[in-house]
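Engineer: Following this line is run-v3.txt, made up of compact mmCIF, C-alpha atoms:
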# COMPACT_ATOMS: atom_id res chain seq x y z
CA MET T 1 178.05 172.49 68.73
CA ILE T 2 177.91 169.77 66.08
CA VAL T 3 174.30 168.86 65.25
CA THR T 4 173.95 165.14 64.53
CA LYS T 5 170.85 163.13 63.68
CA LYS T 6 170.78 161.92 67.29
CA THR T 7 170.98 165.52 68.61
CA SER T 8 168.21 166.62 66.24
CA LEU T 9 166.02 163.78 67.45
CA ARG T 10 166.57 164.83 71.09
CA ILE T 11 165.58 168.43 70.23
CA VAL T 12 162.41 167.26 68.52
CA ILE T 13 161.49 165.07 71.53
CA VAL T 14 162.04 167.99 73.94
CA LEU T 15 159.93 170.34 71.79
CA LEU T 16 157.13 167.79 71.52
CA SER T 17 157.16 167.31 75.29
CA GLN T 18 156.51 171.05 75.70
CA ILE T 19 153.41 171.05 73.50
CA SER T 20 150.11 170.82 75.39
CA PHE T 21 147.62 168.52 73.71
CA SER T 22 144.66 169.82 75.71
CA GLN T 23 141.32 168.10 75.55
CA VAL T 24 137.93 169.26 76.72
CA ASN T 25 135.98 166.88 78.95
CA LEU T 26 132.19 166.53 79.16
CA LYS T 27 130.32 164.95 82.07
CA ILE T 28 126.59 164.45 81.50
CA GLU T 29 124.49 164.04 84.65
CA LYS T 30 120.75 163.90 85.25
CA ASN T 31 120.35 167.52 86.37
CA GLN T 32 123.38 169.21 84.83
CA SER T 33 126.16 168.68 82.33
CA HIS T 34 129.67 170.03 82.89
CA PHE T 35 132.42 171.01 80.45
CA THR T 36 135.94 171.11 81.89
CA GLU T 37 139.54 171.14 80.68
CA GLY T 38 142.08 169.76 83.11
CA LYS T 39 141.28 171.43 86.43
CA ASP T 40 139.46 174.32 84.75
CA SER T 41 135.67 174.60 84.78
CA ILE T 42 134.27 175.98 81.50
CA LEU T 43 130.48 175.92 81.73
CA THR T 44 127.48 174.05 83.10
CA TYR T 45 124.26 173.31 81.21
CA GLN T 46 121.16 173.26 83.42
CA ALA T 47 118.76 170.48 82.37
CA SER T 48 116.55 170.18 85.45
CA GLU T 49 114.28 172.90 86.77
CA LYS T 50 115.50 175.58 89.21
CA SER T 51 113.36 178.18 90.97
CA ILE T 52 113.06 180.56 93.89
CA ASP T 53 110.29 179.28 96.16
CA GLY T 54 108.58 177.74 93.15
CA LYS T 55 108.71 180.97 91.13
CA TYR T 56 110.69 181.84 87.99
CA ILE T 57 111.04 178.14 87.18
CA ARG T 58 113.73 177.73 84.51
CA SER T 59 115.78 175.07 82.77
CA ASN T 60 117.59 174.66 79.42
CA TYR T 61 120.27 177.34 79.85
CA ILE T 62 123.97 177.77 80.59
CA HIS T 63 125.15 178.79 84.07
CA PRO T 64 127.72 179.18 85.33
CA LEU T 65 129.98 180.21 82.46
CA TYR T 66 133.55 180.91 83.56
CA THR T 67 136.29 183.29 82.47
CA LEU T 68 139.65 181.75 81.56
CA ASP T 69 140.92 182.32 85.11
CA GLY T 70 137.95 180.50 86.65
CA THR T 71 135.79 183.47 87.68
CA VAL T 72 132.02 183.04 87.27
CA LEU T 73 130.97 185.33 84.41
CA THR T 74 127.20 184.74 84.24
CA GLU T 75 124.39 185.56 86.69
CA ASP T 76 121.30 183.56 87.65
CA PHE T 77 118.24 185.02 89.43
CA PRO T 78 119.73 188.56 89.49
CA VAL T 79 117.69 190.73 91.87
CA ASP T 80 116.87 193.34 89.22
CA HIS T 81 115.43 190.77 86.77
CA LEU T 82 114.77 187.48 88.53
CA HIS T 83 113.74 185.80 85.26
CA HIS T 84 117.17 186.37 83.67
CA ARG T 85 119.42 183.32 83.65
CA GLY T 86 123.00 182.83 82.44
CA ILE T 87 123.18 182.27 78.69
CA PHE T 88 119.57 181.79 77.57
CA TRP T 89 117.40 182.01 74.46
CA ALA T 90 113.75 182.93 74.87
CA TRP T 91 110.85 184.91 73.42
CA HIS T 92 107.99 186.94 74.89
CA GLN T 93 105.48 186.08 72.18
CA LEU T 94 104.42 182.46 71.65
CA TYR T 95 101.39 181.89 69.44
CA ILE T 96 99.53 179.01 67.85
CA GLY T 97 97.31 180.70 65.32
CA ASP T 98 95.69 183.60 67.17
CA LYS T 99 95.99 181.93 70.58
CA ARG T 100 98.75 183.23 72.83
CA ILE T 101 100.18 180.36 74.85
CA GLY T 102 102.74 181.80 77.21
CA ASP T 103 105.86 183.91 77.61
CA GLY T 104 109.22 182.14 77.52
CA TRP T 105 111.13 185.30 78.44
CA GLU T 106 109.23 186.17 81.60
CA ILE T 107 108.64 182.41 82.21
CA GLU T 108 104.88 182.74 82.42
CA ASN T 109 102.61 179.84 81.38
CA PHE T 110 105.64 178.19 79.82
CA ASN T 111 108.12 175.40 80.57
CA TRP T 112 110.93 173.43 78.96
CA GLU T 113 110.99 169.63 79.13
CA VAL T 114 114.55 168.46 78.49
CA THR T 115 113.96 164.95 77.16
CA ALA T 116 117.53 164.04 76.12
CA VAL T 117 121.11 165.16 76.62
CA LYS T 118 123.83 163.26 74.77
CA GLU T 119 127.38 163.65 73.56
CA LYS T 120 128.13 163.99 69.84
CA LYS T 121 131.49 162.50 68.97
CA GLN T 122 134.08 164.88 67.49
CA LYS T 123 137.24 164.21 65.50
CA ASP T 124 139.26 166.86 67.34
CA ASN T 125 139.84 167.70 71.03
CA SER T 126 136.57 169.61 71.33
CA LYS T 127 133.41 168.24 72.97
CA THR T 128 129.82 168.67 71.80
CA MET T 129 126.64 168.13 73.76
CA GLN T 130 123.23 167.91 72.04
CA THR T 131 119.93 168.43 73.84
CA THR T 132 116.34 167.71 72.87
CA VAL T 133 113.84 170.04 74.52
CA LEU T 134 110.06 170.25 74.23
CA TRP T 135 108.32 173.59 74.70
CA LYS T 136 105.09 173.27 76.67
CA SER T 137 102.41 175.47 78.20
CA PRO T 138 99.42 174.91 80.50
CA LEU T 139 97.47 176.91 77.91
CA TRP T 140 98.00 174.23 75.24
CA LYS T 141 96.74 170.76 76.14
CA SER T 142 95.77 167.53 74.44
CA LYS T 143 92.25 166.07 74.55
CA ASN T 144 93.08 164.15 77.74
CA GLY T 145 94.07 167.40 79.48
CA LYS T 146 97.85 166.97 79.44
CA GLU T 147 100.24 169.69 78.28
CA LYS T 148 101.06 169.13 74.62
CA ALA T 149 104.46 170.07 73.17
CA PHE T 150 104.22 172.70 70.44
CA VAL T 151 107.93 173.20 69.58
CA LYS T 152 110.83 170.75 69.50
CA GLU T 153 114.16 172.42 70.20
CA THR T 154 117.45 170.70 69.36
CA THR T 155 120.45 172.59 70.70
CA SER T 156 124.16 171.80 70.33
CA ILE T 157 126.89 173.27 72.54
CA LYS T 158 130.44 172.75 71.27
CA VAL T 159 133.42 173.72 73.43
CA TYR T 160 136.93 174.02 72.01
CA PRO T 161 140.26 173.67 73.87
CA LYS T 162 141.67 176.89 75.30
CA GLN T 163 144.04 178.88 73.12
CA ALA T 164 146.68 181.31 74.43
CA TYR T 165 144.25 184.08 75.34
CA TYR T 166 140.78 182.81 74.48
CA ARG T 167 138.33 179.92 74.19
CA LEU T 168 135.62 179.32 71.57
CA ILE T 169 132.13 178.00 72.30
CA ASP T 170 129.62 177.34 69.49
CA ILE T 171 125.88 177.21 70.17
CA GLU T 172 123.33 176.09 67.59
CA ILE T 173 119.58 176.25 68.32
CA ALA T 174 117.15 174.50 65.94
CA LEU T 175 113.42 175.15 66.43
CA LEU T 176 110.82 172.92 64.78
CA ALA T 177 107.10 173.61 65.22
CA LEU T 178 105.02 170.60 66.25
CA GLU T 179 101.75 172.34 65.47
CA PRO T 180 100.69 174.39 62.42
CA ASN T 181 100.81 178.19 62.61
CA VAL T 182 103.30 178.50 65.49
CA LYS T 183 104.83 181.98 65.79
CA ILE T 184 107.47 183.54 68.05
CA GLY T 185 108.27 187.19 68.68
CA GLY T 186 110.09 189.58 70.97
CA SER T 187 108.85 192.28 73.29
CA GLU T 188 105.88 194.22 71.96
CA ASP T 189 107.49 197.63 72.16
CA GLU T 190 110.06 199.67 70.27
CA LYS T 191 112.92 197.71 71.87
CA GLY T 192 111.65 194.39 70.51
CA TYR T 193 114.14 192.28 72.46
CA GLY T 194 114.16 188.49 72.27
CA GLY T 195 116.31 185.54 71.28
CA PHE T 196 119.90 184.75 72.27
CA SER T 197 120.77 186.59 75.49
CA PRO T 198 123.80 186.40 77.80
CA ARG T 199 123.25 187.75 81.31
CA ILE T 200 126.77 188.47 82.56
CA ARG T 201 128.29 190.42 85.43
CA LEU T 202 128.97 194.01 84.41
CA SER T 203 131.86 195.98 85.92
CA ASP T 204 131.87 199.77 86.21
CA ASP T 205 134.44 200.00 83.42
CA ILE T 206 132.55 197.79 80.94
CA VAL T 207 133.24 198.59 77.26
CA PHE T 208 131.22 197.49 74.23
CA THR T 209 133.06 197.11 70.91
CA ASP T 210 131.90 196.04 67.43
CA PRO T 211 133.76 195.99 64.08
CA SER T 212 133.43 199.80 63.82
CA GLY T 213 134.90 200.48 67.27
CA LYS T 214 133.55 201.46 70.68
CA ILE T 215 129.75 201.36 71.04
CA THR T 216 127.60 203.31 73.51
CA PRO T 217 124.44 201.41 74.59
CA THR T 218 121.11 203.15 74.05
CA ASN T 219 117.60 202.27 75.15
CA LEU T 220 116.67 201.24 71.60
CA PRO T 221 118.34 198.61 69.39
CA ILE T 222 121.89 199.26 68.20
CA PRO T 223 122.39 198.89 64.41
CA ALA T 224 123.37 195.45 63.20
CA SER T 225 126.93 194.13 63.21
CA GLU T 226 128.60 190.73 62.86
CA TRP T 227 129.85 190.62 66.43
CA MET T 228 129.79 192.45 69.75
CA ASP T 229 132.47 192.38 72.44
CA ILE T 230 131.82 193.12 76.12
CA SER T 231 134.99 193.64 78.17
CA GLY T 232 135.97 195.08 81.54
CA SER T 233 137.33 194.14 84.96
CA LEU T 234 135.55 190.78 84.90
CA GLY T 235 138.39 188.44 85.82
CA LYS T 236 139.99 187.46 89.09
CA ASN T 237 141.20 190.42 91.20
CA GLY T 238 139.71 192.82 88.69
CA ASN T 239 141.81 191.59 85.77
CA LYS T 240 140.54 192.52 82.33
CA ALA T 241 138.46 189.85 80.59
CA GLY T 242 135.58 189.70 78.19
CA LEU T 243 132.95 187.92 76.15
CA THR T 244 132.48 188.31 72.40
CA ILE T 245 129.22 187.24 70.74
CA LEU T 246 129.44 186.29 67.04
CA CYS T 247 126.28 185.91 64.97
CA ASN T 248 126.49 183.48 62.07
CA PRO T 249 125.76 185.20 58.73
CA LYS T 250 123.48 182.29 57.77
CA ASN T 251 121.07 183.11 60.61
CA PRO T 252 117.59 184.06 59.37
CA GLY T 253 117.18 187.81 59.09
CA ALA T 254 120.92 188.46 59.43
CA LYS T 255 122.23 190.92 60.30
CA ASN T 256 120.06 191.53 63.35
CA PRO T 257 120.50 194.46 65.78
CA TRP T 258 121.65 194.38 69.41
CA ILE T 259 120.03 195.34 72.69
CA LEU T 260 122.89 196.39 74.99
CA ARG T 261 122.88 197.39 78.63
CA ALA T 262 125.83 198.69 80.70
CA LYS T 263 124.11 197.92 84.02
CA LYS T 264 121.63 195.48 85.55
CA SER T 265 120.45 193.64 82.44
CA MET T 266 121.17 191.13 79.71
CA GLN T 267 122.75 191.60 76.29
CA ASN T 268 120.64 190.46 73.34
CA ALA T 269 121.32 189.50 69.72
CA VAL T 270 117.81 190.40 68.55
CA TYR T 271 115.80 187.80 66.63
CA PRO T 272 113.37 188.35 65.03
CA PHE T 273 113.59 192.04 64.14
CA PRO T 274 111.52 194.06 64.63
CA GLY T 275 110.77 191.89 67.63
CA ALA T 276 107.25 193.17 68.14
CA THR T 277 106.26 191.34 64.94
CA ALA T 278 105.99 187.58 65.54
CA VAL T 279 107.40 185.31 62.83
CA PRO T 280 106.31 181.76 61.89
CA LEU T 281 108.20 178.59 62.78
CA SER T 282 108.03 175.87 60.15
CA ASN T 283 106.74 172.43 61.11
CA LYS T 284 108.74 170.90 58.23
CA LYS T 285 112.19 172.55 58.35
CA PRO T 286 113.77 173.82 61.58
CA THR T 287 114.61 177.49 62.08
CA VAL T 288 118.33 177.42 62.95
CA LEU T 289 120.12 180.10 64.97
CA ARG T 290 123.91 179.89 65.36
CA TYR T 291 126.21 181.86 67.66
CA ARG T 292 129.85 181.68 68.71
CA LEU T 293 131.12 182.92 72.07
CA ILE T 294 134.73 183.95 72.62
CA ILE T 295 135.76 183.92 76.29
CA HIS T 296 138.97 185.90 76.47
CA ASP T 297 141.54 187.70 78.59
CA GLY T 298 142.11 191.42 78.04
CA ASN T 299 139.85 193.52 75.84
CA ALA T 300 138.58 193.34 72.27
CA ASN T 301 142.03 194.25 70.93
CA SER T 302 143.69 191.34 72.73
CA ILE T 303 142.38 188.69 70.34
CA PRO T 304 141.90 188.43 66.53
CA ILE T 305 138.10 188.73 66.53
CA ASP T 306 137.79 189.58 62.83
CA LYS T 307 139.83 186.53 61.80
CA ILE T 308 137.85 184.30 64.16
CA TYR T 309 134.64 185.66 62.66
CA GLN T 310 135.83 185.05 59.07
CA ASP T 311 136.68 181.44 59.96
CA TYR T 312 133.32 181.02 61.68
CA ALA T 313 131.42 182.49 58.73
CA LYS T 314 132.78 179.75 56.49
CA ASN T 315 131.12 177.00 58.57
Can the structure in the file be given as structure tokens, please?

Structural biologist:
Amino acid sequence: MIVTKKTSLRIVIVLLSQISFSQVNLKIEKNQSHFTEGKDSILTYQASEKSIDGKYIRSNYIHPLYTLDGTVLTEDFPVDHLHHRGIFWAWHQLYIGDKRIGDGWEIENFNWEVTAVKEKKQKDNSKTMQTTVLWKSPLWKSKNGKEKAFVKETTSIKVYPKQAYYRLIDIEIALLALEPNVKIGGSEDEKGYGGFSPRIRLSDDIVFTDPSGKITPTNLPIPASEWMDISGSLGKNGNKAGLTILCNPKNPGAKNPWILRAKKSMQNAVYPFPGATAVPLSNKKPTVLRYRLIIHDGNANSIPIDKIYQDYAKN
């Protein structure tokens, strides 16, 4: 076959027609915001309050989060821990000075007021949503008896177009104290759990993997690592799928340990550590926590986690 300029042009046109220029879509509604790509659902952010008969009232979290084949990965109101909810970030200890003002983990004397949800324009095919959330408690009121916000949370959720076997989701949580001497902490025991916590479905063949290899969960915190992968028969018809959690090396206190559970619980990138010791939140400069999720087919060896982490660490 003789290749002419016209033939070359036809080849280029055919090749270009086979390239998928995927774009993530974001729909912001009053109660929820939805990320999709084509016909695929990616995740939903819950802005309004949900409860069971007025109990375990929660908002400001992600659920559902989907696998690449459209299977719901997260759980909400699981019967073993009704306060767990999708992808959430919360702390047991909330103090202003010496006054304890609620428990964001157990959702006791605490609530989130989502005051704004907006889209942040991106230069690529990703989509980013930014929320403004006020932390409030009936134990902290103004002089006129109304609940007074004591922390302003600004959270960004950025969703990237799907790659061959995975999708990236970046979550950044910025916490600014609105009162002096605000402190947050984890559980007041040797586990010390608190902070960024995915509650996902766990199959019988679930496997935990970090940069050193396979990890066996224990009751106490697992030593720190840059990332943790959770994989098993989580996809449609029992297909292998997984979730990898990457912790940004610029996070305060990095590297922080992990609380891992193979059954009936959440997974937790512990902050602060040790969690039983509450740490201050500045009322001048936000405390920023950054995480990247990789939703993927297969197991930890199916995707280049180390390379993805190195790219993420540069941000």

Engineer: What does the distance between CA of Ile171 (chain T) and CA of Leu243 (chain T) come to in Å, to one decimal place?

Structural biologist: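 According to the coordinates, CA of Ile171 (chain T) and CA of Leu243 (chain T) are separated by 14.2 Å.
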
Engineer: Taking 4 positions as the minimum chain separation for residues in the same chain, which residues sit within 10 Å of region 33-44 of chain T when counting only C-alpha atoms? Answer as a PyMOL selection string.

Structural biologist: chain T and resi 22-29+61-74+86+117-118+126-129+157-162+167+169+295

Engineer: What lies within 12 Å of Glu179 (chain T) using all atoms listed in the file, ignoring chain neighbours under 2 positions off, as a ChimeraX atom specification?

Structural biologist: /T:95-97,135-136,140-142,148-152,176-177,181-183,280-284

Engineer: Any idea what's packed within 12 Å of Pro249 (chain T), counting all atoms listed in the file, ignoring anything in its chain fewer than 4 positions away? Could you give it as a VMD selection string?

Structural biologist: chain T and resid 224 to 227 253 to 256 288 to 292 309 to 315

Engineer: Let me make sure I understand: among T:Tyr165, T:Phe110, T:Phe273, T:Phe88, which one has the smallest atom-to-atom distance to Ala300 (chain T) if we use all atoms listed in the file?

Structural biologist: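 Between T:Tyr165, T:Phe110, T:Phe273, T:Phe88, the residue approaching Ala300 (chain T) most closely is T:Tyr165.
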
Engineer: Out of T:Ile101, T:Gly145, T:Asn301, T:Lys30, which residue has the shortest atom-to-atom distance to Lys240 (chain T) when counting only C-alpha atoms?

Structural biologist: T:Asn301

Engineer: Considering all atoms listed in the file, return as a list of chain:residue names whatever protein or nucleic-acid residues lie within 9 Å of Trp89 (chain T), sequence-local ones (same chain, fewer than 4 positions apart) excluded.

Structural biologist: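 So the residues in contact are T:Asn60, T:Tyr61, T:Gly104, T:Trp105, T:Ile173, T:Gly194, T:Gly195, T:Phe196, T:Ser197, T:Pro198.
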
Engineer: How far is it from CA of Tyr166 (chain T) to CA of Asn299 (chain T), in Å with one decimal?

Structural biologist: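 Value for the CA of Tyr166 (chain T)-CA of Asn299 (chain T) distance: 10.8 Å.
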
Engineer: Of the residues T:Pro180, T:Asp189, T:Asp297, T:Thr209, which is the one nearest to Ser233 (chain T), using all atoms listed in the file?

Structural biologist: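 Comparing T:Pro180, T:Asp189, T:Asp297, T:Thr209 against Ser233 (chain T), the winner is T:Asp297.
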
Engineer: CA of Thr155 (chain T) and CA of Asp98 (chain T), how far apart in Å?

Structural biologist: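 Result for CA of Asp98 (chain T) versus CA of Thr155 (chain T): 27.3 Å, one decimal.
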
Engineer: For Pro211 (chain T), which residue among T:Cys247, T:Val79, T:Met228, T:Ala116 is the nearest when counting only C-alpha atoms?

Structural biologist: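 Smallest separation from Pro211 (chain T) among the options: T:Met228.
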
Engineer: So which one's closest to Ala174 (chain T), T:Pro217, T:Gly298, T:Pro257, T:Pro252? Using all atoms listed in the file, please.

Structural biologist: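 Looking only at the distances to Ala174 (chain T), the closest residue turns out to be T:Pro252.
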
Engineer: Kindly indicate which residue among T:Gly275, T:Lys121, T:Ser48, T:Ala262 lies nearest to Thr216 (chain T), using only C-alpha atoms for the distances.

Structural biologist: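 Counting only C-alpha atoms, the residue closest to Thr216 (chain T) is T:Ala262.
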
Engineer: For Ile230 (chain T), find every residue with an atom within 6 Å (counting only C-alpha atoms), except residues of its own chain fewer than 3 positions away, and show them as a CSV table (one decimal) with C-alpha atoms, in the frame of the given file.

Structural biologist:
chain,number,residue,atom,x,y,z
T,207,VAL,CA,133.2,198.6,77.3
T,208,PHE,CA,131.2,197.5,74.2
T,242,GLY,CA,135.6,189.7,78.2
T,243,LEU,CA,133.0,187.9,76.2

Engineer: Taking (99.2, 179.9, 79.4) in the file's coordinates as the center, which residues reach within 8 Å of it, counting all atoms listed in the file, put as a PyMOL selection string?

Structural biologist: chain T and resi 100-103+108-110+137-140

Engineer: List every protein, DNA or RNA residue with an atom no more than 12 Å from (108.3, 195.3, 72.0) in the file's coordinates, counting only C-alpha atoms, and format the result as a ChimeraX atom specification.

Structural biologist: /T:91-93,185-194,220-221,259,270-278

Engineer: Rebuild region 235-249 of chain T so that it carries N, CA and C atoms, then output the result as a compact mmCIF listing (two decimals), in the coordinates of the input.

Structural biologist:
# COMPACT_ATOMS: atom_id res chain seq x y z
N GLY T 235 137.61 189.59 85.40
CA GLY T 235 138.39 188.44 85.82
C GLY T 235 138.74 188.48 87.29
N LYS T 236 139.56 187.55 87.70
CA LYS T 236 139.99 187.46 89.09
C LYS T 236 140.78 188.70 89.48
N ASN T 237 140.52 189.22 90.69
CA ASN T 237 141.20 190.42 91.20
C ASN T 237 141.06 191.62 90.28
N GLY T 238 139.95 191.67 89.56
CA GLY T 238 139.71 192.82 88.69
C GLY T 238 140.49 192.81 87.39
N ASN T 239 141.08 191.67 87.03
CA ASN T 239 141.81 191.59 85.77
C ASN T 239 140.85 191.77 84.59
N LYS T 240 141.36 192.30 83.50
CA LYS T 240 140.54 192.52 82.33
C LYS T 240 140.21 191.19 81.65
N ALA T 241 138.94 191.05 81.28
CA ALA T 241 138.46 189.85 80.59
C ALA T 241 137.19 190.23 79.84
N GLY T 242 136.77 189.35 78.95
CA GLY T 242 135.58 189.70 78.19
C GLY T 242 134.90 188.53 77.51
N LEU T 243 133.76 188.86 76.91
CA LEU T 243 132.95 187.92 76.15
C LEU T 243 132.61 188.57 74.82
N THR T 244 132.87 187.85 73.73
CA THR T 244 132.48 188.31 72.40
C THR T 244 131.38 187.40 71.88
N ILE T 245 130.33 188.00 71.31
CA ILE T 245 129.22 187.24 70.74
C ILE T 245 129.28 187.40 69.22
N LEU T 246 129.43 186.29 68.50
CA LEU T 246 129.44 186.29 67.04
C LEU T 246 128.14 185.72 66.53
N CYS T 247 127.51 186.40 65.59
CA CYS T 247 126.28 185.91 64.97
C CYS T 247 126.61 185.33 63.60
N ASN T 248 126.20 184.11 63.36
CA ASN T 248 126.49 183.48 62.07
C ASN T 248 125.75 184.19 60.94
N PRO T 249 126.42 184.48 59.82
CA PRO T 249 125.76 185.20 58.73
C PRO T 249 124.64 184.41 58.06
